[in-house]
>>> print(open('run_38.cif').read())   # mmCIF, C-alpha atoms
data_coords
loop_
_atom_site.label_atom_id
_atom_site.label_comp_id
_atom_site.auth_asym_id
_atom_site.auth_seq_id
_atom_site.Cartn_x
_atom_site.Cartn_y
_atom_site.Cartn_z
CA MET D 1 146.53 86.75 174.27
CA ASN D 2 145.55 86.75 177.93
CA ALA D 3 143.90 83.61 179.26
CA PRO D 4 140.20 84.01 180.11
CA ASP D 5 139.62 84.95 183.72
CA PRO D 6 138.37 81.89 185.67
CA LEU D 7 135.68 83.92 187.41
CA ASP D 8 134.41 85.26 184.07
CA ARG D 9 134.16 81.70 182.75
CA PHE D 10 132.43 80.56 185.93
CA VAL D 11 129.82 83.36 185.86
CA ALA D 12 129.06 82.86 182.17
CA ASP D 13 128.60 79.16 182.80
CA LEU D 14 126.14 79.79 185.65
CA HIS D 15 123.48 80.57 183.06
CA ASP D 16 123.60 76.98 181.80
CA PRO D 17 121.37 74.93 184.14
CA ASP D 18 123.31 71.78 183.22
CA GLY D 19 126.76 73.37 183.07
CA PRO D 20 129.74 72.52 185.28
CA ALA D 21 129.59 75.77 187.29
CA LEU D 22 126.07 75.32 188.59
CA SER D 23 126.66 71.59 189.00
CA ALA D 24 129.66 72.34 191.21
CA VAL D 25 127.63 74.81 193.28
CA ARG D 26 124.80 72.31 193.66
CA SER D 27 127.22 69.61 194.76
CA LEU D 28 128.83 71.83 197.40
CA LEU D 29 125.48 73.07 198.68
CA ALA D 30 124.03 69.58 198.78
CA GLU D 31 127.00 68.36 200.79
CA ALA D 32 126.52 71.24 203.24
CA GLY D 33 122.78 70.59 203.32
CA ALA D 34 123.39 67.09 204.59
CA THR D 35 124.78 68.46 207.86
CA GLU D 36 122.62 69.05 210.90
CA PRO D 37 123.68 72.73 211.47
CA VAL D 38 122.63 73.70 207.96
CA ARG D 39 119.33 71.83 208.17
CA ALA D 40 118.61 73.61 211.44
CA ALA D 41 119.50 77.01 210.00
CA LEU D 42 117.18 76.44 207.06
CA GLY D 43 114.32 75.39 209.27
CA THR D 44 113.97 72.03 207.51
CA ASP D 45 112.82 68.81 209.15
CA SER D 46 115.91 66.65 209.24
CA ALA D 47 113.88 63.62 210.30
CA ALA D 48 111.93 63.86 207.06
CA GLY D 49 115.11 64.06 205.02
CA ALA D 50 113.99 67.35 203.49
CA THR D 51 117.38 68.47 202.21
CA ALA D 52 116.81 67.60 198.57
CA ASP D 53 114.72 70.70 197.98
CA ALA D 54 116.39 72.88 200.58
CA ALA D 55 118.05 76.13 199.69
CA THR D 56 121.33 74.32 200.13
CA GLY D 57 120.03 71.10 198.61
CA ALA D 58 120.57 69.37 195.29
CA ASP D 59 118.62 71.92 193.27
CA PRO D 60 119.16 75.41 194.69
CA ARG D 61 118.01 78.52 192.87
CA LEU D 62 120.54 81.30 192.46
CA GLU D 63 119.00 84.75 192.08
CA HIS D 64 119.94 88.40 191.95
CA LEU D 65 123.55 88.12 190.77
CA ARG D 66 125.86 91.02 191.52
CA TYR D 67 129.03 90.63 189.52
CA LYS D 68 132.33 92.45 190.00
CA PRO D 69 134.45 91.25 187.07
CA GLY D 70 137.73 89.69 188.09
CA HIS D 71 136.85 89.77 191.79
CA SER D 72 133.57 88.21 192.90
CA VAL D 73 129.99 87.29 192.18
CA LEU D 74 127.32 87.51 194.89
CA ALA D 75 123.92 85.82 194.77
CA ARG D 76 120.88 84.94 196.83
CA VAL D 77 120.17 81.22 197.27
CA THR D 78 116.54 80.16 197.62
CA GLY D 79 114.54 76.98 197.43
CA HIS D 80 113.28 76.03 200.87
CA GLY D 81 113.27 77.77 204.23
CA GLN D 82 115.04 81.11 204.59
CA PRO D 83 117.29 82.40 201.80
CA TRP D 84 121.06 82.37 202.11
CA TRP D 85 123.75 84.50 200.53
CA LEU D 86 126.49 82.98 198.35
CA VAL D 87 129.71 84.56 197.14
CA VAL D 88 132.34 83.16 194.79
CA ARG D 89 135.68 84.96 194.77
CA SER D 90 138.67 84.96 192.47
CA PRO D 91 142.12 84.27 193.99
CA ARG D 92 142.88 88.00 194.04
CA SER D 93 139.95 88.58 196.45
CA ALA D 94 140.25 85.37 198.48
CA ASP D 95 141.62 87.25 201.52
CA LYS D 96 138.18 88.85 202.02
CA ALA D 97 136.81 85.49 203.06
CA ALA D 98 138.77 85.56 206.32
CA LYS D 99 136.48 87.99 208.16
CA ILE D 100 133.37 85.98 207.42
CA ARG D 101 135.18 82.79 208.43
CA ALA D 102 136.14 84.37 211.75
CA ARG D 103 132.61 85.67 212.32
CA ALA D 104 131.17 82.21 211.70
CA ALA D 105 133.60 80.67 214.20
CA GLU D 106 132.73 83.30 216.80
CA SER D 107 128.96 83.04 216.35
CA GLY D 108 128.67 79.32 215.72
CA PHE D 109 126.53 79.98 212.64
CA PRO D 110 126.86 77.46 209.78
CA LEU D 111 129.15 78.49 206.92
CA LEU D 112 129.90 76.68 203.69
CA ASP D 113 133.55 77.49 203.03
CA ALA D 114 135.08 75.58 200.13
CA GLU D 115 137.07 75.68 196.92
CA VAL D 116 135.10 75.26 193.69
CA PRO D 117 136.59 72.09 192.16
CA GLY D 118 138.83 72.63 189.15
CA SER D 119 138.45 76.42 189.06
CA GLY D 120 140.78 77.98 191.60
CA LEU D 121 137.78 79.94 192.92
CA HIS D 122 136.60 80.10 196.51
CA LEU D 123 132.96 79.82 197.56
CA GLN D 124 131.28 80.86 200.79
CA ALA D 125 127.59 80.66 201.66
CA GLY D 126 125.72 81.30 204.87
CA PRO D 127 122.47 82.30 206.53
CA VAL D 128 121.13 85.85 206.72
CA GLY D 129 122.48 86.18 210.27
CA LEU D 130 125.99 85.86 208.84
CA ASP D 131 125.43 88.51 206.16
CA LYS D 132 128.58 90.57 205.64
CA HIS D 133 126.92 93.92 206.41
CA LEU D 134 123.53 93.14 207.92
CA HIS D 135 124.81 90.96 210.76
CA LYS D 136 125.44 93.97 213.01
CA PRO D 137 121.96 95.57 212.87
CA LEU D 138 120.33 92.14 213.02
CA ARG D 139 122.25 91.21 216.15
CA ARG D 140 121.65 94.65 217.65
CA GLY D 141 117.93 94.16 217.18
CA GLY D 142 117.94 90.66 218.65
CA LEU D 143 116.62 89.26 215.36
CA VAL D 144 118.99 86.31 214.92
CA ASP D 145 118.73 82.94 216.61
CA ALA D 146 121.53 80.55 217.51
CA ARG D 147 121.46 79.05 213.99
CA GLY D 148 121.86 82.35 212.15
CA ALA D 149 118.24 82.40 211.02
CA VAL D 150 116.19 85.59 211.42
CA ALA D 151 112.98 85.92 213.40
CA GLY D 152 110.13 86.34 210.92
CA THR D 153 109.18 85.59 207.34
CA VAL D 154 111.65 86.92 204.78
CA LEU D 155 109.76 88.97 202.19
CA SER D 156 112.78 90.36 200.39
CA TYR D 157 116.51 89.85 200.76
CA ASN D 158 119.19 91.68 198.83
CA PRO D 159 122.41 90.12 200.18
CA TRP D 160 124.76 92.51 201.96
CA ARG D 161 122.34 95.42 201.48
CA ARG D 162 118.76 95.03 202.70
CA LEU D 163 116.32 92.65 204.38
CA VAL D 164 112.53 92.95 204.65
CA LEU D 165 110.80 90.79 207.28
CA ARG D 166 107.18 90.11 208.15
CA ARG D 167 106.87 89.69 211.89
CA VAL D 168 104.13 88.91 214.37
CA ALA D 169 104.75 90.00 217.94
CA PRO D 170 103.57 87.57 220.61
CA GLY D 171 101.31 90.16 222.26
CA ALA D 172 101.02 91.24 225.87
CA PRO D 173 100.71 88.67 228.68
CA GLY D 174 97.13 87.52 228.99
CA ALA D 175 96.16 88.75 225.52
CA SER D 176 93.81 86.49 223.60
CA ALA D 177 95.67 86.92 220.31
CA PRO D 178 99.08 88.06 219.05
CA GLU D 179 99.58 91.59 217.88
CA ALA D 180 98.91 92.55 214.27
CA PRO D 181 101.75 91.61 211.88
CA THR D 182 104.25 94.24 210.88
CA VAL D 183 106.95 94.65 208.22
CA LEU D 184 110.48 95.48 209.34
CA ARG D 185 113.02 96.91 206.90
CA VAL D 186 116.69 96.48 207.79
CA TRP D 187 119.47 98.14 205.80
CA HIS D 188 123.23 98.03 205.61
CA THR D 189 123.10 101.83 205.54
CA ALA D 190 119.81 103.57 206.32
CA PRO D 191 118.69 105.82 203.45
CA ALA D 192 117.86 109.49 203.99
CA SER D 193 114.21 108.58 203.56
CA ALA D 194 114.14 106.47 206.75
CA ASP D 195 113.16 109.46 208.90
CA LEU D 196 110.77 110.96 206.35
CA VAL D 197 108.11 108.25 206.03
CA SER D 198 106.42 109.10 209.32
CA PRO D 199 106.09 112.86 208.61
CA LEU D 200 104.80 112.10 205.11
CA HIS D 201 102.11 109.86 206.57
CA ALA D 202 101.24 112.51 209.16
CA ALA D 203 100.84 115.04 206.33
CA GLY D 204 98.25 112.86 204.61
CA VAL D 205 100.45 111.39 201.87
CA SER D 206 99.36 107.87 200.87
CA VAL D 207 102.13 106.01 202.66
CA LEU D 208 102.00 103.69 205.65
CA PRO D 209 102.80 104.92 209.15
CA ALA D 210 106.33 104.07 210.21
CA ARG D 211 108.15 103.61 213.48
CA ARG D 212 111.91 104.10 213.52
CA THR D 213 113.71 101.30 215.35
CA ARG D 214 117.33 100.58 216.19
CA VAL D 215 117.69 98.52 213.03
CA GLY D 216 115.38 100.15 210.46
CA ILE D 217 111.71 101.07 210.21
CA GLU D 218 108.63 99.05 211.14
CA GLN D 219 105.28 99.46 209.36
CA PRO D 220 101.90 97.72 209.43
CA TRP D 221 101.36 94.67 207.27
CA VAL D 222 98.75 95.31 204.56
CA ALA D 223 96.68 92.22 203.83
CA GLY D 224 95.10 93.28 200.54
CA GLY D 225 98.02 92.45 198.23
CA ASP D 226 99.77 94.68 195.74
CA LEU D 227 98.89 96.24 192.39
CA GLU D 228 101.22 93.87 190.54
CA ARG D 229 99.13 90.87 191.51
CA LEU D 230 95.97 92.67 190.52
CA LEU D 231 97.34 93.60 187.10
CA ALA D 232 98.84 90.17 186.49
CA ALA D 233 95.45 88.60 187.20
CA GLU D 234 93.75 90.62 184.47
CA ALA D 235 93.45 88.07 181.67
CA SER D 236 92.16 90.74 179.29
CA GLY D 237 95.34 92.77 179.67
CA ARG D 238 93.33 95.83 180.60
CA ALA D 239 94.20 97.51 183.86
CA PRO D 240 91.63 97.95 186.64
CA THR D 241 90.65 101.59 186.23
CA ARG D 242 89.78 102.30 189.86
CA ALA D 243 93.05 100.92 191.25
CA LEU D 244 95.08 102.86 188.68
CA ASP D 245 93.20 106.07 189.39
CA ARG D 246 93.88 105.67 193.10
CA THR D 247 97.52 104.90 192.38
CA ALA D 248 97.80 108.02 190.24
CA GLU D 249 96.25 110.07 193.02
CA ALA D 250 98.69 108.62 195.57
CA VAL D 251 101.68 109.36 193.33
CA ALA D 252 100.46 112.90 192.65
CA GLY D 253 100.08 113.48 196.38
CA LEU D 254 103.60 112.20 197.04
CA HIS D 255 105.01 114.43 194.30
CA ALA D 256 103.22 117.50 195.68
CA ALA D 257 104.64 116.87 199.16
CA LEU D 258 107.88 118.60 198.24
CA ASP D 259 106.01 121.90 198.40
CA THR D 260 103.56 121.04 201.19
CA VAL D 261 105.56 119.13 203.81
CA PRO D 262 108.14 121.32 205.58
CA GLY D 263 111.78 120.33 205.62
CA LEU D 264 111.87 117.93 202.68
CA ARG D 265 114.19 120.07 200.59
CA GLU D 266 116.65 120.19 203.49
CA ALA D 267 116.39 116.50 204.40
CA GLY D 268 119.45 115.33 202.48
CA LEU D 269 117.60 113.64 199.64
CA SER D 270 119.62 113.26 196.47
CA ARG D 271 118.60 114.67 193.14
CA VAL D 272 118.18 112.09 190.39
CA ASP D 273 121.23 111.87 188.16
CA PRO D 274 120.18 110.27 184.86
CA ALA D 275 123.60 110.65 183.28
CA GLY D 276 125.35 108.97 186.19
CA ALA D 277 122.79 106.18 186.31
CA VAL D 278 123.23 105.44 182.60
CA VAL D 279 127.01 105.29 183.05
CA ALA D 280 126.55 102.71 185.81
CA ALA D 281 124.18 100.69 183.62
CA ARG D 282 126.66 100.89 180.77
CA ASP D 283 129.40 99.53 183.03
CA GLY D 284 127.16 96.59 183.89
CA LEU D 285 126.50 95.91 180.22
CA GLU D 286 130.21 96.18 179.35
CA ALA D 287 130.96 93.44 181.87
CA VAL D 288 128.64 90.94 180.20
CA MET D 289 127.93 91.99 176.58
CA PRO D 290 130.38 94.66 175.38
CA ASP D 291 129.37 94.10 171.77
CA LEU D 292 126.05 95.83 172.50
CA LEU D 293 127.66 99.01 173.80
CA PRO D 294 127.35 100.96 170.49
CA ALA D 295 123.59 100.32 170.34
CA PHE D 296 123.24 101.19 174.02
CA ASP D 297 125.20 104.40 173.56
CA ARG D 298 123.09 105.54 170.61
CA VAL D 299 119.90 105.21 172.62
CA GLY D 300 121.49 106.72 175.70
CA GLU D 301 122.60 109.80 173.79
CA GLU D 302 119.12 110.38 172.40
CA VAL D 303 117.62 109.98 175.87
CA ARG D 304 120.10 112.52 177.21
CA ARG D 305 119.19 115.00 174.46
CA VAL D 306 115.45 114.78 175.12
CA LEU D 307 115.78 114.95 178.91
CA ALA D 308 118.00 118.02 178.62
CA ALA D 309 115.01 119.81 177.10
CA ASP D 310 112.62 118.74 179.89
CA ARG D 311 111.78 121.80 182.01
CA SER D 312 109.35 120.10 184.37
CA ARG D 313 109.40 121.31 187.96
CA ASP D 314 110.98 119.30 190.75
CA VAL D 315 108.79 117.00 192.84
CA LEU D 316 109.31 114.49 195.62
CA LEU D 317 109.95 111.21 193.77
CA HIS D 318 109.27 107.68 194.91
CA GLY D 319 112.43 106.74 193.03
CA ASP D 320 111.54 103.11 192.31
CA LEU D 321 107.88 103.24 191.30
CA SER D 322 106.33 100.03 190.00
CA ALA D 323 103.13 98.07 190.53
CA ASP D 324 104.66 95.94 193.28
CA GLN D 325 105.38 99.09 195.30
CA VAL D 326 101.66 99.85 195.53
CA VAL D 327 99.65 97.96 198.14
CA LEU D 328 95.88 97.89 198.55
CA ASP D 329 94.09 97.26 201.82
CA THR D 330 90.93 95.19 202.09
CA ARG D 331 88.84 98.30 201.30
CA GLY D 332 90.82 99.11 198.17
CA ALA D 333 92.73 102.08 199.60
CA VAL D 334 96.17 102.52 198.02
CA ARG D 335 99.45 103.03 199.87
CA LEU D 336 102.92 103.50 198.38
CA ILE D 337 105.65 101.36 199.96
CA ASP D 338 109.41 100.81 199.65
CA LEU D 339 110.41 104.47 199.86
CA ASP D 340 114.14 103.75 200.23
CA ARG D 341 114.93 105.70 197.06
CA LEU D 342 113.00 108.89 197.74
CA ALA D 343 114.64 111.62 195.68
CA ILE D 344 114.05 114.97 194.03
CA GLY D 345 113.53 115.45 190.31
CA PRO D 346 110.92 115.74 187.55
CA ALA D 347 107.71 113.70 187.77
CA GLY D 348 108.53 111.94 184.50
CA TYR D 349 111.20 109.96 186.33
CA ASP D 350 108.58 108.06 188.36
CA LEU D 351 106.10 107.74 185.51
CA GLY D 352 108.78 106.47 183.16
CA GLY D 353 109.98 103.98 185.75
CA PHE D 354 106.46 102.60 186.18
CA ALA D 355 105.94 102.49 182.42
CA ALA D 356 109.23 100.68 181.79
CA VAL D 357 108.32 97.85 184.15
CA GLU D 358 104.85 97.60 182.62
CA LEU D 359 106.34 97.35 179.12
CA ILE D 360 108.69 94.61 180.31
CA ARG D 361 105.64 92.81 181.71
CA GLY D 362 103.85 93.23 178.36
CA ARG D 363 101.24 95.68 179.72
CA ALA D 364 101.61 98.79 177.60
CA GLY D 365 97.99 99.75 178.19
CA THR D 366 98.53 99.99 181.93
CA ALA D 367 101.50 102.30 181.45
CA GLU D 368 99.50 104.68 179.26
CA ALA D 369 96.50 104.58 181.60
CA LEU D 370 98.55 105.52 184.64
CA VAL D 371 100.18 108.48 182.87
CA ALA D 372 96.80 109.79 181.73
CA ALA D 373 95.29 109.37 185.20
CA TYR D 374 98.31 111.02 186.79
CA ARG D 375 97.99 114.15 184.69
CA GLU D 376 94.36 114.56 185.77
CA ARG D 377 95.10 113.89 189.42
CA ALA D 378 98.23 116.05 189.54
CA ALA D 379 96.33 119.03 188.20
CA ALA D 380 93.66 118.54 190.86
CA VAL D 381 96.19 118.16 193.68
CA ASP D 382 98.19 121.17 192.53
CA GLY D 383 95.12 123.33 192.05
CA THR D 384 96.33 124.71 188.73
CA ALA D 385 96.31 123.68 185.11
CA VAL D 386 100.09 123.77 184.89
CA ARG D 387 100.54 120.24 186.22
CA ALA D 388 98.11 118.86 183.65
CA ALA D 389 100.74 119.43 180.96
CA GLU D 390 103.64 117.96 182.96
CA PRO D 391 105.45 115.90 182.06
CA GLY D 392 105.07 116.10 178.28
CA ASP D 393 104.78 113.04 176.06
CA ALA D 394 108.37 113.31 174.81
CA ALA D 395 109.71 113.48 178.37
CA VAL D 396 107.68 110.46 179.49
CA ARG D 397 108.94 108.46 176.52
CA ALA D 398 112.54 109.51 177.26
CA TRP D 399 112.25 108.63 180.94
CA THR D 400 110.70 105.29 180.02
CA ALA D 401 113.58 104.54 177.64
CA HIS D 402 115.99 105.70 180.36
CA HIS D 403 114.60 103.15 182.83
CA LEU D 404 114.68 100.40 180.22
CA LEU D 405 118.39 101.12 179.78
CA LEU D 406 118.92 101.02 183.54
CA ARG D 407 117.35 97.54 183.60
CA VAL D 408 119.30 96.25 180.64
CA ALA D 409 121.40 93.79 182.66
CA GLU D 410 118.46 92.36 184.60
CA PRO D 411 118.13 89.21 182.46
CA PHE D 412 121.78 88.40 183.19
CA ARG D 413 121.36 89.03 186.91
CA ALA D 414 118.22 86.90 186.97
CA LEU D 415 120.06 84.00 185.28
CA ALA D 416 117.53 83.97 182.45
CA PRO D 417 118.49 81.21 179.95
CA ALA D 418 118.01 83.57 176.99
CA TRP D 419 119.61 86.54 178.72
CA ARG D 420 121.69 87.62 175.73
CA GLU D 421 118.65 87.88 173.47
CA GLN D 422 116.65 89.62 176.18
CA ILE D 423 119.31 92.26 176.75
CA GLY D 424 119.40 93.08 173.05
CA ALA D 425 115.60 93.18 172.94
CA ARG D 426 115.50 95.62 175.85
CA ILE D 427 117.80 98.07 174.08
CA ARG D 428 115.65 97.85 170.94
CA GLN D 429 112.57 98.36 173.07
CA ALA D 430 114.04 101.57 174.53
CA LEU D 431 114.71 102.88 171.02
CA ALA D 432 111.20 102.02 169.86
CA VAL D 433 109.67 103.87 172.81
CA LEU D 434 111.77 106.93 172.02
CA GLU D 435 110.48 106.84 168.46
CA GLY D 436 106.87 106.87 169.64
CA ASP D 437 105.90 103.19 169.70
CA PRO D 438 103.65 102.88 172.76
CA VAL D 439 104.44 99.18 173.12
CA GLY D 440 108.09 99.04 172.19
CA ALA D 441 109.90 96.52 170.05
CA ASP D 442 110.00 92.91 171.20
CA ALA D 443 107.51 93.61 173.96
#
>>> encode(input="run_38.cif", output="structure tokens")
Amino acid sequence: MNAPDPLDRFVADLHDPDGPALSAVRSLLAEAGATEPVRAALGTDSAAGATADAATGADPRLEHLRYKPGHSVLARVTGHGQPWWLVVRSPRSADKAAKIRARAAESGFPLLDAEVPGSGLHLQAGPVGLDKHLHKPLRRGGLVDARGAVAGTVLSYNPWRRLVLRRVAPGAPGASAPEAPTVLRVWHTAPASADLVSPLHAAGVSVLPARRTRVGIEQPWVAGGDLERLLAAEASGRAPTRALDRTAEAVAGLHAALDTVPGLREAGLSRVDPAGAVVAARDGLEAVMPDLLPAFDRVGEEVRRVLAADRSRDVLLHGDLSADQVVLDTRGAVRLIDLDRLAIGPAGYDLGGFAAVELIRGRAGTAEALVAAYRERAAAVDGTAVRAAEPGDAAVRAWTAHHLLLRVAEPFRALAPAWREQIGARIRQALAVLEGDPVGADA
């Protein structure tokens, strides 16, 4: 029998808050956090001895695991100041650490570069400015300081893929106040949608204006918060009707843009591939809980069968629709954000994605309310009664189950203590939705 892979053991142990893997990471990060370069990069006050709760302090939070079995695990480190990236590699992938090591030496940015005691694994961690793929656009845009920190407030950071910053320009000389804050999105590889946001806004679609820059796109900061916060604040569990109606109208307008905004069909957007996405989700599940593959496959096959019968027309899809991708200004107007995954496909894809997240949040009523409002709004936007029947109930349920399957490994990636139970519950929830339960099992 082959010996267990040391990286597999290490990653499994990361889910134990008191286990040796996380203890080793904490120890290494705390040691790095005691150095002046790291304190400076984090933006902590070294005079106050603020390293105990720093991102590289004694109690860091690891988030958003991306695991390549046998090779590496990548995570975001948060806790205080700006987030860092952290990667742990197996011996077979240790040579990939050399480029980052050389980049750190060239730039002078702090880098934690160490062996994980007793494991044979190698760990590296560093600031956003030393990100494996984002360092080039960040440097090109003049967004990195001498410590490797980025200029602005980090709103979202997906290591080695994407960074979202809130920035406030200093304003023109003599101005009484700085310019209005903006949000800058920086990618490893710009999506096809990067050049489409501005024309969509110009066409009246409910998205924010966008300015293409050398490193990504820049948009206005919306101060009213997002729909997720509004829904989460509803103690009754009932969704605010007006905000959902406006969201449905915004989504319907985006969907209709495929036929009203010239050039979208030729813009290089991909068509959604549910079969391919399920295969990728299955691979992720196989890496962490292979014993659940038969249950996953049974649900996946039923989803495939129902979606094959869906004859809904193609629309322009948001591609990642959820309540936190809907922002409201101070007057209550709705705008759709985070359009990185714009795609082409049936409307049920977006509605099912929204519904899946709402079910995970325990808000089945919100999911149903949005679908009902969408059907009314889509018919009005389209000007015919055809849209009122699209997508059908069976298709929405199948797309909802589809998105639940795509999110099956999220509890593992989020380092949830009960991740095994939550993964099993999510598969059962997908099956229950397919069978007509509006809430889903274990919701």
>>> resolve_selection(input="run_38.cif", expression="the PyMOL selection byres ((chain D and resi 308) around 12)", output="list in words")
Asp273, Pro274, Ala275, Glu301, Glu302, Val303, Arg304, Arg305, Val306, Leu307, Ala309, Asp310, Arg311, Ser312, Pro346, Ala394, Ala395, Ala398 and Trp399 of chain D
>>> closest_residue(input="run_38.cif", among="D:Gly300, D:Pro391, D:Pro20, D:Pro411", to="Val116 of chain D", atoms="only C-alpha atoms")
D:Pro20
>>> resolve_selection(input="run_38.cif", expression="the PyMOL selection byres ((chain D and resi 150) around 10)", output="PyMOL selection string")
chain D and resi 41+82+127-129+138-139+142-149+151-154+163+165
>>> residues_around(input="run_38.cif", residues="Ala190 of chain D", least_positions_apart="4", cutoff="9 Å", atoms="all atoms listed in the file", output="list in words")
Val186, Ala194, Val215, Gly216 and Asp340 of chain D
>>> resolve_selection(input="run_38.cif", expression="the PyMOL selection byres ((chain D and resi 24) around 12)", output="ChimeraX atom specification")
/D:10,13-14,17-23,25-31,58-60,88,114-119,121-123
>>> residues_around(input="run_38.cif", residues="Val77 of chain D", least_positions_apart="2", cutoff="6 Å", atoms="all atoms listed in the file", output="PyMOL selection string")
chain D and resi 61-62+83-85
>>> atom_distance(input="run_38.cif", atom1="atom CA of Val168 of chain D", atom2="atom CA of Val205 of chain D")
26.0 Å
>>> residues_around(input="run_38.cif", residues="Trp160 of chain D", least_positions_apart="5", cutoff="6 Å", atoms="all atoms listed in the file", output="PyMOL selection string")
chain D and resi 131-133
>>> atom_distance(input="run_38.cif", atom1="atom CA of Val315 of chain D", atom2="atom CA of His255 of chain D")
4.8 Å
>>> closest_residue(input="run_38.cif", among="D:Gly348, D:Gly362, D:Asp95, D:Val87", to="Leu111 of chain D", atoms="all atoms listed in the file")
D:Val87
>>> closest_residue(input="run_38.cif", among="D:Val272, D:Val207, D:Leu244, D:Ala281", to="Glu368 of chain D", atoms="all atoms listed in the file")
D:Leu244
>>> atom_distance(input="run_38.cif", atom1="atom CA of Asp8 of chain D", atom2="atom CA of His64 of chain D")
16.8 Å
>>> residues_near_point(input="run_38.cif", point="(102.1, 112.6, 196.2)", cutoff="10 Å", atoms="all atoms listed in the file", output="number ranges by chain")
D: 200, 204-207, 247-258, 260, 315-318, 336, 377-378, 381
>>> residues_around(input="run_38.cif", residues="Ile360 of chain D", least_positions_apart="4", cutoff="9 Å", atoms="all atoms listed in the file", output="JSON, numbers by chain")
{"D": [355, 356, 364, 404, 426, 443]}
>>> residues_around(input="run_38.cif", residues="Asp113 of chain D", least_positions_apart="3", cutoff="9 Å", atoms="all atoms listed in the file", output="compact mmCIF listing (two decimals) with C-alpha atoms, in the coordinates of the input")
# COMPACT_ATOMS: atom_id res chain seq x y z
CA ALA D 97 136.81 85.49 203.06
CA ARG D 101 135.18 82.79 208.43
CA HIS D 122 136.60 80.10 196.51
CA LEU D 123 132.96 79.82 197.56
CA GLN D 124 131.28 80.86 200.79
CA ALA D 125 127.59 80.66 201.66
CA GLY D 126 125.72 81.30 204.87
>>> closest_residue(input="run_38.cif", among="D:Pro294, D:Gly332, D:Pro262, D:Pro191", to="Leu227 of chain D", atoms="only C-alpha atoms")
D:Gly332
>>> residues_near_point(input="run_38.cif", point="(127.8, 93.5, 180.8)", cutoff="10 Å", atoms="all atoms listed in the file", output="list in words")
Tyr67, Pro69, Ala281, Arg282, Asp283, Gly284, Leu285, Glu286, Ala287, Val288, Met289, Pro290, Asp291, Leu292, Leu293, Val408, Ala409, Phe412, Arg413, Arg420 and Ile423 of chain D
>>> closest_residue(input="run_38.cif", among="D:Ile427, D:Ala416, D:Leu339, D:Leu230", to="His15 of chain D", atoms="all atoms listed in the file")
D:Ala416
>>> decode(input="run_38.cif", residues="segment 344-355 of chain D", atoms="N, CA and C atoms", output="JSON list (two decimals), in the first residue's frame")
[["chain", "number", "residue", "atom", "x", "y", "z"],
["D", 344, "ILE", "N", -23.18, 33.44, -22.47],
["D", 344, "ILE", "CA", -24.41, 33.25, -23.24],
["D", 344, "ILE", "C", -25.02, 31.91, -22.87],
["D", 345, "GLY", "N", -26.34, 31.91, -22.68],
["D", 345, "GLY", "CA", -27.03, 30.68, -22.33],
["D", 345, "GLY", "C", -28.44, 30.98, -21.88],
["D", 346, "PRO", "N", -29.17, 29.97, -21.43],
["D", 346, "PRO", "CA", -30.56, 30.17, -21.00],
["D", 346, "PRO", "C", -30.66, 30.94, -19.69],
["D", 347, "ALA", "N", -31.74, 31.70, -19.53],
["D", 347, "ALA", "CA", -31.93, 32.55, -18.35],
["D", 347, "ALA", "C", -31.93, 31.75, -17.05],
["D", 348, "GLY", "N", -32.36, 30.50, -17.10],
["D", 348, "GLY", "CA", -32.40, 29.67, -15.91],
["D", 348, "GLY", "C", -31.05, 29.52, -15.25],
["D", 349, "TYR", "N", -29.98, 29.67, -16.01],
["D", 349, "TYR", "CA", -28.64, 29.56, -15.43],
["D", 349, "TYR", "C", -28.44, 30.62, -14.35],
["D", 350, "ASP", "N", -28.79, 31.88, -14.66],
["D", 350, "ASP", "CA", -28.65, 32.95, -13.66],
["D", 350, "ASP", "C", -29.62, 32.79, -12.52],
["D", 351, "LEU", "N", -30.87, 32.47, -12.84],
["D", 351, "LEU", "CA", -31.88, 32.34, -11.78],
["D", 351, "LEU", "C", -31.54, 31.19, -10.84],
["D", 352, "GLY", "N", -31.09, 30.08, -11.41],
["D", 352, "GLY", "CA", -30.70, 28.95, -10.59],
["D", 352, "GLY", "C", -29.49, 29.25, -9.74],
["D", 353, "GLY", "N", -28.54, 30.03, -10.28],
["D", 353, "GLY", "CA", -27.38, 30.42, -9.49],
["D", 353, "GLY", "C", -27.76, 31.27, -8.30],
["D", 354, "PHE", "N", -28.65, 32.24, -8.53],
["D", 354, "PHE", "CA", -29.13, 33.09, -7.43],
["D", 354, "PHE", "C", -29.87, 32.24, -6.40],
["D", 355, "ALA", "N", -30.74, 31.36, -6.88],
["D", 355, "ALA", "CA", -31.53, 30.53, -5.97],
["D", 355, "ALA", "C", -30.65, 29.60, -5.14]]
